[in-house]
file data05.txt (compact mmCIF, C-alpha atoms)
# COMPACT_ATOMS: atom_id res chain seq x y z
CA MET A 1 0.00 0.00 0.00
CA VAL A 2 1.18 3.53 -0.77
CA TRP A 3 -0.17 4.87 2.51
CA ASP A 4 0.97 2.15 4.90
CA ILE A 5 0.84 4.42 7.93
CA GLY A 6 0.89 1.61 10.49
CA THR A 7 4.17 0.16 9.19
CA GLU A 8 5.81 3.58 9.24
CA LEU A 9 4.71 4.24 12.82
CA THR A 10 5.93 0.79 13.88
CA ALA A 11 9.36 1.53 12.40
CA ILE A 12 9.54 4.84 14.27
CA ARG A 13 8.70 3.13 17.56
CA ALA A 14 11.19 0.31 16.92
CA ALA A 15 13.99 2.86 16.47
CA ASP A 16 13.15 4.56 19.80
CA LEU A 17 12.25 7.73 17.89
CA HIS A 18 8.54 7.94 18.67
CA ARG A 19 7.44 11.26 20.15
CA GLN A 20 4.44 11.75 22.39
CA ARG A 21 2.80 14.88 23.77
CA ARG A 22 1.71 15.05 27.38
CA VAL A 23 -0.40 17.63 29.17
CA TYR A 24 1.32 19.79 31.80
CA GLN A 25 0.01 22.43 34.15
CA ALA A 26 2.59 25.06 35.04
CA ASP A 27 2.73 25.65 38.79
CA GLY A 28 5.09 28.59 38.98
CA PRO A 29 8.21 28.92 36.85
CA VAL A 30 9.82 25.68 37.98
CA HIS A 31 7.34 22.97 38.95
CA MET A 32 5.25 21.14 36.40
CA VAL A 33 2.25 18.95 37.18
CA ASP A 34 1.42 16.25 34.66
CA ALA A 35 -1.94 14.54 34.16
CA SER A 36 -1.23 12.00 36.92
CA GLY A 37 -0.70 14.71 39.53
CA ARG A 38 3.07 14.25 39.91
CA ARG A 39 5.18 17.33 40.49
CA LEU A 40 8.28 17.54 38.35
CA LEU A 41 11.12 20.05 38.33
CA ASN A 42 11.33 21.43 34.79
CA PHE A 43 14.87 21.42 33.40
CA CYS A 44 14.07 21.32 29.69
CA GLY A 45 12.08 24.47 28.87
CA ASN A 46 13.37 27.68 27.30
CA ASP A 47 12.16 30.16 29.93
CA TYR A 48 15.73 31.30 30.52
CA LEU A 49 14.97 34.43 32.56
CA GLY A 50 11.94 33.10 34.41
CA LEU A 51 9.57 35.61 32.80
CA ALA A 52 6.95 33.18 31.45
CA ASN A 53 5.21 33.18 34.84
CA ASP A 54 6.05 36.73 35.94
CA PRO A 55 2.86 38.25 37.42
CA ARG A 56 3.58 41.62 35.80
CA LEU A 57 3.12 40.11 32.36
CA GLY A 58 -0.01 38.36 33.57
CA ARG A 59 -1.42 41.71 34.69
CA VAL A 60 -0.94 43.12 31.19
CA LEU A 61 -3.07 40.29 29.82
CA ARG A 62 -5.65 40.65 32.60
CA ASP A 63 -6.01 44.43 32.20
CA TRP A 64 -6.11 44.47 28.39
CA SER A 65 -9.20 46.32 27.15
CA GLY A 66 -8.64 46.07 23.41
CA PRO A 67 -9.80 43.39 20.96
CA THR A 68 -8.76 39.80 21.52
CA GLY A 69 -7.63 39.29 17.93
CA SER A 70 -6.16 41.59 15.31
CA GLY A 71 -8.85 40.63 12.80
CA SER A 72 -6.71 40.82 9.68
CA ALA A 73 -3.26 40.62 8.17
CA ASP A 74 -0.80 43.39 9.06
CA LEU A 75 -0.97 44.97 5.61
CA VAL A 76 -4.79 45.10 5.63
CA THR A 77 -6.10 46.32 9.02
CA GLY A 78 -4.28 44.06 11.48
CA HIS A 79 -1.33 46.25 12.46
CA ARG A 80 -2.30 47.92 15.75
CA TYR A 81 -0.64 50.49 17.99
CA ALA A 82 0.63 47.72 20.28
CA HIS A 83 2.40 46.05 17.35
CA GLU A 84 3.97 49.33 16.28
CA ALA A 85 5.09 50.19 19.80
CA LEU A 86 6.80 46.81 20.16
CA SER A 87 8.49 47.13 16.76
CA GLU A 88 9.86 50.57 17.62
CA ALA A 89 11.04 49.49 21.07
CA LEU A 90 12.85 46.46 19.63
CA SER A 91 14.56 48.61 17.00
CA ASP A 92 15.71 51.05 19.69
CA TRP A 93 16.95 48.27 21.98
CA LEU A 94 18.83 46.46 19.22
CA GLN A 95 20.10 49.67 17.61
CA ARG A 96 18.59 48.78 14.25
CA ASP A 97 16.50 50.82 11.83
CA ARG A 98 13.32 48.79 11.59
CA THR A 99 11.67 45.62 12.87
CA LEU A 100 9.06 43.38 11.24
CA LEU A 101 6.94 41.12 13.44
CA PHE A 102 6.04 37.50 12.65
CA SER A 103 3.70 35.00 14.28
CA THR A 104 6.48 32.53 15.16
CA GLY A 105 10.22 32.08 14.76
CA TYR A 106 9.60 29.28 12.28
CA MET A 107 7.48 31.61 10.15
CA ALA A 108 10.13 34.33 10.40
CA ASN A 109 12.92 32.13 9.05
CA LEU A 110 10.74 30.71 6.28
CA GLY A 111 9.63 34.19 5.27
CA VAL A 112 13.02 35.88 5.39
CA ILE A 113 15.00 33.26 3.45
CA ALA A 114 12.32 32.46 0.88
CA GLY A 115 11.53 36.16 0.50
CA LEU A 116 15.09 37.16 -0.30
CA THR A 117 16.44 34.23 -2.33
CA ARG A 118 15.29 32.15 -5.28
CA ARG A 119 16.54 29.78 -7.96
CA GLY A 120 20.01 30.86 -9.06
CA ASP A 121 20.99 31.97 -5.53
CA LEU A 122 23.05 30.15 -2.92
CA VAL A 123 21.98 29.64 0.70
CA LEU A 124 24.74 28.41 3.01
CA GLN A 125 23.90 27.09 6.46
CA ASP A 126 25.71 25.71 9.47
CA ARG A 127 25.18 21.96 9.58
CA LEU A 128 23.51 22.20 13.01
CA ASN A 129 21.13 25.06 12.19
CA HIS A 130 17.55 24.94 13.43
CA ALA A 131 15.06 23.15 11.19
CA SER A 132 13.27 26.42 10.37
CA LEU A 133 16.40 27.82 8.75
CA ILE A 134 16.94 24.65 6.75
CA ASP A 135 13.31 24.61 5.64
CA GLY A 136 13.48 28.27 4.65
CA GLY A 137 16.32 27.44 2.29
CA LEU A 138 14.44 24.52 0.78
CA LEU A 139 11.33 26.64 0.30
CA SER A 140 13.26 29.37 -1.50
CA GLY A 141 14.28 27.19 -4.46
CA ALA A 142 17.88 28.37 -4.11
CA ARG A 143 20.87 26.04 -4.11
CA CYS A 144 21.29 24.96 -0.48
CA ARG A 145 24.57 23.80 1.04
CA ARG A 146 25.56 23.12 4.64
CA TYR A 147 29.04 23.92 5.92
CA ARG A 148 30.68 22.05 8.80
CA HIS A 149 29.59 23.19 12.24
CA ARG A 150 31.27 26.48 13.20
CA ASP A 151 33.92 25.89 10.50
CA VAL A 152 34.65 29.31 8.97
CA ASP A 153 37.32 27.95 6.59
CA HIS A 154 34.81 25.50 5.12
CA LEU A 155 32.26 28.30 4.85
CA GLN A 156 34.74 30.46 2.94
CA ARG A 157 35.45 27.66 0.47
CA CYS A 158 31.71 27.14 -0.06
CA LEU A 159 31.25 30.86 -0.74
CA ASP A 160 33.86 30.84 -3.50
CA ARG A 161 31.30 30.06 -6.20
CA PRO A 162 29.49 32.29 -8.73
CA TYR A 163 25.84 32.81 -7.81
CA ARG A 164 23.44 35.70 -8.29
CA ARG A 165 23.07 36.21 -4.53
CA ARG A 166 24.63 34.41 -1.58
CA LEU A 167 23.04 34.26 1.85
CA VAL A 168 24.73 32.76 4.91
CA ALA A 169 22.40 31.70 7.74
CA THR A 170 23.44 30.57 11.20
CA ASP A 171 22.05 30.21 14.68
CA GLY A 172 23.63 32.61 17.16
CA VAL A 173 23.33 30.09 20.01
CA PHE A 174 22.72 26.57 18.72
CA SER A 175 19.52 25.18 20.16
CA MET A 176 20.65 21.60 20.82
CA ASP A 177 24.33 22.12 21.66
CA GLY A 178 24.27 25.50 23.40
CA ASP A 179 27.51 26.64 21.78
CA VAL A 180 27.84 30.03 20.09
CA ALA A 181 28.62 30.64 16.42
CA PRO A 182 31.93 32.42 15.63
CA LEU A 183 29.96 35.42 14.42
CA ALA A 184 32.78 37.93 14.06
CA GLU A 185 34.71 35.56 11.78
CA ILE A 186 31.59 34.66 9.80
CA ALA A 187 30.73 38.34 9.35
CA ALA A 188 34.23 39.05 8.07
CA VAL A 189 34.01 36.26 5.49
CA THR A 190 30.58 37.34 4.27
CA ALA A 191 31.77 40.94 3.92
CA GLN A 192 34.78 39.86 1.87
CA THR A 193 32.67 37.83 -0.53
CA GLY A 194 29.65 40.12 -0.84
CA ALA A 195 27.30 37.63 0.84
CA ALA A 196 24.57 38.66 3.26
CA LEU A 197 24.38 37.25 6.78
CA LEU A 198 21.29 36.13 8.71
CA VAL A 199 21.61 35.26 12.40
CA ASP A 200 18.78 33.53 14.25
CA ASP A 201 19.44 34.53 17.85
CA ALA A 202 16.40 32.86 19.41
CA HIS A 203 18.47 31.42 22.27
CA GLY A 204 20.83 34.37 22.72
CA LEU A 205 18.54 37.39 22.90
CA GLY A 206 17.75 38.37 26.45
CA VAL A 207 20.40 36.02 27.80
CA ILE A 208 23.83 37.23 26.67
CA GLY A 209 25.35 40.56 25.65
CA SER A 210 24.88 44.06 27.06
CA GLN A 211 21.27 44.48 28.29
CA GLY A 212 20.65 41.00 26.90
CA ARG A 213 21.01 42.21 23.31
CA GLY A 214 22.26 38.77 22.33
CA SER A 215 25.13 37.13 20.53
CA LEU A 216 25.57 39.92 17.96
CA ALA A 217 26.07 42.52 20.67
CA ASP A 218 28.41 40.14 22.46
CA ALA A 219 30.48 39.87 19.25
CA GLY A 220 30.41 43.64 18.65
CA LEU A 221 28.52 43.41 15.34
CA ASP A 222 26.10 46.02 13.97
CA GLN A 223 23.26 45.95 11.44
CA PHE A 224 25.56 46.63 8.48
CA GLN A 225 27.73 43.62 9.26
CA VAL A 226 24.67 41.46 10.01
CA PRO A 227 21.66 42.93 8.20
CA LEU A 228 19.22 40.18 9.21
CA LEU A 229 18.64 39.45 12.89
CA VAL A 230 15.82 37.03 13.71
CA GLY A 231 14.58 36.71 17.28
CA THR A 232 11.73 35.08 19.16
CA PHE A 233 9.67 36.01 22.20
CA GLY A 234 8.81 32.48 23.38
CA LYS A 235 12.10 31.92 25.18
CA ALA A 236 13.83 34.57 27.31
CA PHE A 237 10.90 36.99 26.89
CA GLY A 238 8.37 34.49 28.19
CA THR A 239 5.63 35.41 25.68
CA TYR A 240 5.02 34.43 22.04
CA GLY A 241 5.93 35.60 18.54
CA ALA A 242 9.01 36.59 16.57
CA PHE A 243 10.64 39.33 14.51
CA VAL A 244 13.36 40.25 12.04
CA SER A 245 15.28 43.48 12.55
CA GLY A 246 17.78 45.31 10.37
CA PRO A 247 18.48 48.23 8.02
CA ALA A 248 15.39 50.06 6.78
CA GLU A 249 15.63 48.94 3.13
CA TRP A 250 16.09 45.27 4.04
CA ILE A 251 13.02 45.30 6.28
CA GLU A 252 11.00 47.23 3.71
CA LEU A 253 11.85 44.62 1.09
CA LEU A 254 10.79 41.82 3.46
CA GLU A 255 7.54 43.64 4.14
CA GLN A 256 6.87 43.32 0.41
CA LYS A 257 8.11 39.76 -0.09
CA ALA A 258 7.95 37.68 3.13
CA ARG A 259 4.83 35.62 2.42
CA THR A 260 4.65 34.25 5.97
CA ALA A 261 4.13 37.81 7.21
CA ILE A 262 1.96 39.09 4.35
CA TYR A 263 -0.55 36.27 4.05
CA THR A 264 -1.41 35.56 7.67
CA THR A 265 -3.46 37.23 10.38
CA ALA A 266 -1.45 39.55 12.59
CA SER A 267 -0.77 38.23 16.09
CA PRO A 268 -3.13 39.30 18.89
CA PRO A 269 -2.16 42.85 19.93
CA VAL A 270 -2.34 41.89 23.61
CA LEU A 271 0.68 39.62 23.03
CA SER A 272 2.64 42.59 21.72
CA ALA A 273 1.64 44.60 24.80
CA ALA A 274 2.83 41.78 27.08
CA THR A 275 6.06 41.41 25.11
CA LEU A 276 6.70 45.14 25.38
CA ALA A 277 6.45 44.80 29.16
CA ALA A 278 8.78 41.78 29.01
CA LEU A 279 11.31 43.77 26.97
CA ASP A 280 11.44 46.38 29.71
CA LEU A 281 12.20 43.64 32.26
CA VAL A 282 14.86 42.11 30.01
CA ARG A 283 16.56 45.49 29.67
CA THR A 284 16.41 46.59 33.31
CA GLU A 285 16.60 43.44 35.43
CA GLY A 286 20.18 42.41 34.78
CA TRP A 287 20.15 40.31 37.93
CA ARG A 288 18.29 37.64 35.97
CA ARG A 289 21.25 37.16 33.62
CA GLU A 290 23.66 37.22 36.55
CA ARG A 291 21.65 34.56 38.35
CA LEU A 292 21.48 32.41 35.23
CA ALA A 293 25.23 32.71 34.66
CA ALA A 294 25.92 31.62 38.24
CA LEU A 295 23.70 28.57 37.83
CA ILE A 296 25.41 27.62 34.56
CA ARG A 297 28.85 27.75 36.21
CA ARG A 298 27.66 25.72 39.18
CA PHE A 299 25.99 23.11 37.01
CA ARG A 300 29.05 22.61 34.82
CA VAL A 301 31.33 22.16 37.82
CA GLY A 302 28.93 19.67 39.40
CA ALA A 303 28.32 17.72 36.19
CA SER A 304 32.05 17.49 35.48
CA GLN A 305 32.66 16.13 38.96
CA LEU A 306 30.06 13.46 38.20
CA GLY A 307 31.99 12.46 35.07
CA LEU A 308 29.19 13.35 32.65
CA SER A 309 29.87 13.99 28.98
CA LEU A 310 28.95 17.66 28.59
CA GLY A 311 28.77 19.67 25.41
CA ASP A 312 31.02 22.71 24.91
CA SER A 313 28.45 25.24 26.08
CA GLY A 314 28.61 28.29 28.31
CA THR A 315 24.94 29.12 27.79
CA ALA A 316 21.69 28.03 29.43
CA ILE A 317 21.55 24.98 27.12
CA GLN A 318 23.64 22.20 28.65
CA PRO A 319 23.52 18.93 26.68
CA VAL A 320 24.59 15.69 28.33
CA ILE A 321 25.64 13.55 25.37
CA ILE A 322 24.58 9.90 25.63
CA GLY A 323 24.72 8.44 22.12
CA GLU A 324 21.97 6.01 21.26
CA ALA A 325 18.33 7.08 21.21
CA GLY A 326 17.16 4.22 23.44
CA ALA A 327 19.74 5.02 26.11
CA ALA A 328 18.78 8.70 26.10
CA LEU A 329 15.10 7.82 26.41
CA ALA A 330 15.81 5.47 29.32
CA ALA A 331 17.87 8.16 31.08
CA SER A 332 15.05 10.67 30.69
CA ARG A 333 12.62 8.17 32.23
CA ARG A 334 14.93 7.54 35.19
CA LEU A 335 15.15 11.29 35.84
CA GLU A 336 11.36 11.54 35.72
CA VAL A 337 11.06 8.87 38.39
CA ALA A 338 13.34 11.08 40.50
CA GLY A 339 11.03 14.05 39.91
CA ILE A 340 13.09 15.77 37.22
CA LEU A 341 11.69 16.65 33.80
CA VAL A 342 14.40 16.53 31.09
CA ALA A 343 13.53 15.58 27.52
CA ALA A 344 15.53 13.04 25.53
CA ILE A 345 16.57 14.67 22.25
CA ARG A 346 16.92 12.10 19.48
CA PRO A 347 17.39 12.00 15.70
CA PRO A 348 16.41 13.62 13.43
CA THR A 349 16.58 16.64 15.76
CA VAL A 350 20.25 15.81 16.39
CA PRO A 351 22.65 13.69 14.29
CA ALA A 352 22.53 9.92 14.65
CA GLY A 353 24.69 8.69 17.52
CA SER A 354 24.43 11.98 19.44
CA ALA A 355 21.15 11.56 21.33
CA ARG A 356 21.24 13.51 24.56
CA LEU A 357 19.58 14.95 27.59
CA ARG A 358 19.06 18.61 26.73
CA ILE A 359 19.23 20.27 30.14
CA THR A 360 18.26 23.93 30.27
CA LEU A 361 18.65 26.30 33.17
CA SER A 362 16.53 29.29 34.19
CA ALA A 363 17.05 32.26 36.46
CA ALA A 364 13.96 30.96 38.26
CA HIS A 365 15.75 27.82 39.47
CA ALA A 366 16.75 27.87 43.13
CA ASP A 367 20.00 26.37 44.43
CA GLU A 368 18.10 23.44 45.93
CA HIS A 369 16.54 22.72 42.54
CA LEU A 370 19.97 22.47 40.97
CA ASP A 371 21.13 20.24 43.83
CA ARG A 372 18.22 17.87 43.14
CA LEU A 373 19.12 17.78 39.45
CA LEU A 374 22.76 16.96 40.14
CA ASP A 375 21.77 14.27 42.64
CA ALA A 376 19.53 12.68 40.02
CA LEU A 377 22.31 12.85 37.42
CA ASP A 378 24.66 10.91 39.71
CA ASP A 379 23.86 7.84 37.65
CA PRO A 380 26.47 5.18 36.71
CA GLU A 381 24.66 4.46 33.45
CA LEU A 382 25.01 8.11 32.38
CA ARG A 383 28.75 8.06 33.11
CA ASP A 384 29.14 4.83 31.17
CA SER A 385 27.23 6.32 28.20
CA GLY A 386 29.60 9.29 28.10
CA ARG A 387 32.62 7.00 27.82
CA ASN A 388 31.18 4.97 24.93
call {"tool": "encode", "arguments": {"input": "data05.txt", "output": "structure tokens"}}
result
Amino acid sequence: MVWDIGTELTAIRAADLHRQRRVYQADGPVHMVDASGRRLLNFCGNDYLGLANDPRLGRVLRDWSGPTGSGSADLVTGHRYAHEALSEALSDWLQRDRTLLFSTGYMANLGVIAGLTRRGDLVLQDRLNHASLIDGGLLSGARCRRYRHRDVDHLQRCLDRPYRRRLVATDGVFSMDGDVAPLAEIAAVTAQTGAALLVDDAHGLGVIGSQGRGSLADAGLDQFQVPLLVGTFGKAFGTYGAFVSGPAEWIELLEQKARTAIYTTASPPVLSAATLAALDLVRTEGWRRERLAALIRRFRVGASQLGLSLGDSGTAIQPVIIGEAGAALAASRRLEVAGILVAAIRPPTVPAGSARLRITLSAAHADEHLDRLLDALDDPELRDSGRN
């Protein structure tokens, strides 16, 4: 049969790659309660600054007196004052000319890459880029190539080819490994070759750099060196949505050509109002980044003392590399029995043979929470996996 769905699902389960959603009820920024009533410490979300449950953002939603929905696409009647205020505040914060809002980070990357490139162009991507960047390249119709992870020499060789336009796309902070792209070196190579550079800083914005301006600020790069900065609000900001920010002409062109922004209903304006409040907290409450940095240092020391195989990450994303998908899944289940929620990340999200526990830290975690995590990770099977 052409549509032999059952056989395909059986094969996925047999390879330990089956995914399953569960229902959780957030009980504060740390504890999760699943359908069975168990309380689990959450060490796998992306709420890096602990803002997703901040009562000040909740009050914005509670006190909102405007319409629930925007009622139309941005270019029809959907763009409201709350959207415009957020766009202007982001541009000011990031020191960029203009900002265009999108419904999600996935939609932003699809729209930006497919809006700017087409057949006859070249899109070059880090091998470990997020799926949305890869899919944006495929959607564009351009020639797509992937250079070795963080390998600027390989990138430069790949750029030495005649194409109408060349676009380099990279994560700022890589979502599964937590390491940071060598952005200054990449920007230098793209400038030398006339290529444009897109950085998706979903996991860097709010977390690193002056005032949390992200990996570009940390590398000292401006909008002329990196004209396309994509960011999301569902991580450090604790809300929902995404944007691209850059020089005025680039954003104006995307406003004309990014189909995932043009042909969709604008996001609810109340979300922009809540995100504007979150941006103020990101900018002014630097103690959140300091707290997160202290937890990262403490975790890495403790995990190293346990003999775990850590990734090369100084960010909130701390992967414990295990190897095989089945072993990672079993480790995740053992942690859950101990009251710790950490997802097993398996192929195709990560390369075969590199399944892992993707541990993420938040400024909302208390010292005793981290102690419980390290106690649960004191597992001989995890140490043995790291040596294999």
call {"tool": "closest_atom_pairs", "arguments": {"input": "data05.txt", "of": "region 173-268 of chain A", "to": "region 114-122 of chain A", "cutoff": "12 Å", "atoms": "only C-alpha atoms", "output": "CSV"}}
result
residue,atom,partner,partner_atom,distance
A:Ala195,CA,A:Leu122,CA,9.4
A:Ala196,CA,A:Leu116,CA,10.2
A:Leu197,CA,A:Leu116,CA,11.7
A:Leu198,CA,A:Leu116,CA,11.0
A:Leu228,CA,A:Leu116,CA,10.8
A:Trp250,CA,A:Leu116,CA,9.3
A:Ile251,CA,A:Leu116,CA,10.7
A:Glu252,CA,A:Gly115,CA,11.5
A:Leu253,CA,A:Leu116,CA,8.3
A:Leu254,CA,A:Gly115,CA,6.4
A:Glu255,CA,A:Gly115,CA,9.2
A:Gln256,CA,A:Gly115,CA,8.5
A:Lys257,CA,A:Gly115,CA,5.0
A:Ala258,CA,A:Gly115,CA,4.7
A:Arg259,CA,A:Gly115,CA,7.0
A:Thr260,CA,A:Gly115,CA,9.0
A:Ala261,CA,A:Gly115,CA,10.1
A:Ile262,CA,A:Gly115,CA,10.7
call {"tool": "write_last_selection", "arguments": {"input": "data05.txt", "atoms": "C-alpha atoms", "output": "mmCIF file, in the frame of the given file"}}
result
data_model
loop_
_atom_site.group_PDB
_atom_site.id
_atom_site.type_symbol
_atom_site.label_atom_id
_atom_site.label_comp_id
_atom_site.auth_asym_id
_atom_site.auth_seq_id
_atom_site.Cartn_x
_atom_site.Cartn_y
_atom_site.Cartn_z
ATOM 1 C CA ALA A 195 27.300 37.630 0.840
ATOM 2 C CA ALA A 196 24.570 38.660 3.260
ATOM 3 C CA LEU A 197 24.380 37.250 6.780
ATOM 4 C CA LEU A 198 21.290 36.130 8.710
ATOM 5 C CA LEU A 228 19.220 40.180 9.210
ATOM 6 C CA TRP A 250 16.090 45.270 4.040
ATOM 7 C CA ILE A 251 13.020 45.300 6.280
ATOM 8 C CA GLU A 252 11.000 47.230 3.710
ATOM 9 C CA LEU A 253 11.850 44.620 1.090
ATOM 10 C CA LEU A 254 10.790 41.820 3.460
ATOM 11 C CA GLU A 255 7.540 43.640 4.140
ATOM 12 C CA GLN A 256 6.870 43.320 0.410
ATOM 13 C CA LYS A 257 8.110 39.760 -0.090
ATOM 14 C CA ALA A 258 7.950 37.680 3.130
ATOM 15 C CA ARG A 259 4.830 35.620 2.420
ATOM 16 C CA THR A 260 4.650 34.250 5.970
ATOM 17 C CA ALA A 261 4.130 37.810 7.210
ATOM 18 C CA ILE A 262 1.960 39.090 4.350
#
call {"tool": "closest_residue", "arguments": {"input": "data05.txt", "among": "A:Gln25, A:Thr7, A:Thr264, A:Asn53", "to": "Leu75 (chain A)", "atoms": "only C-alpha atoms"}}
result
A:Thr264
call {"tool": "closest_residue", "arguments": {"input": "data05.txt", "among": "A:Gly141, A:Arg289, A:Gly238, A:Ser332", "to": "Ala52 (chain A)", "atoms": "only C-alpha atoms"}}
result
A:Gly238
call {"tool": "residues_near_point", "arguments": {"input": "data05.txt", "point": "(10.8, 36.5, 8.5)", "cutoff": "8 Å", "atoms": "all atoms listed in the file", "output": "ChimeraX atom specification"}}
result
/A:100-102,105,107-113,230,243-244,254,258,260-261
call {"tool": "closest_residue", "arguments": {"input": "data05.txt", "among": "A:Val2, A:Ala131, A:Ala202, A:Leu229", "to": "Gly178 (chain A)", "atoms": "only C-alpha atoms"}}
result
A:Ala202
call {"tool": "closest_atom_pairs", "arguments": {"input": "data05.txt", "of": "region 197-237 of chain A", "to": "region 165-172 of chain A", "cutoff": "8 Å", "atoms": "only C-alpha atoms", "output": "JSON lines"}}
result
{"residue": "A:Leu197", "atom": "CA", "partner": "A:Val168", "partner_atom": "CA", "distance": 4.9}
{"residue": "A:Leu198", "atom": "CA", "partner": "A:Ala169", "partner_atom": "CA", "distance": 4.7}
{"residue": "A:Val199", "atom": "CA", "partner": "A:Thr170", "partner_atom": "CA", "distance": 5.2}
{"residue": "A:Asp200", "atom": "CA", "partner": "A:Asp171", "partner_atom": "CA", "distance": 4.7}
{"residue": "A:Asp201", "atom": "CA", "partner": "A:Gly172", "partner_atom": "CA", "distance": 4.7}
{"residue": "A:Ala202", "atom": "CA", "partner": "A:Gly172", "partner_atom": "CA", "distance": 7.6}
{"residue": "A:His203", "atom": "CA", "partner": "A:Gly172", "partner_atom": "CA", "distance": 7.4}
{"residue": "A:Gly204", "atom": "CA", "partner": "A:Gly172", "partner_atom": "CA", "distance": 6.5}
{"residue": "A:Ser215", "atom": "CA", "partner": "A:Gly172", "partner_atom": "CA", "distance": 5.8}
{"residue": "A:Leu216", "atom": "CA", "partner": "A:Gly172", "partner_atom": "CA", "distance": 7.6}
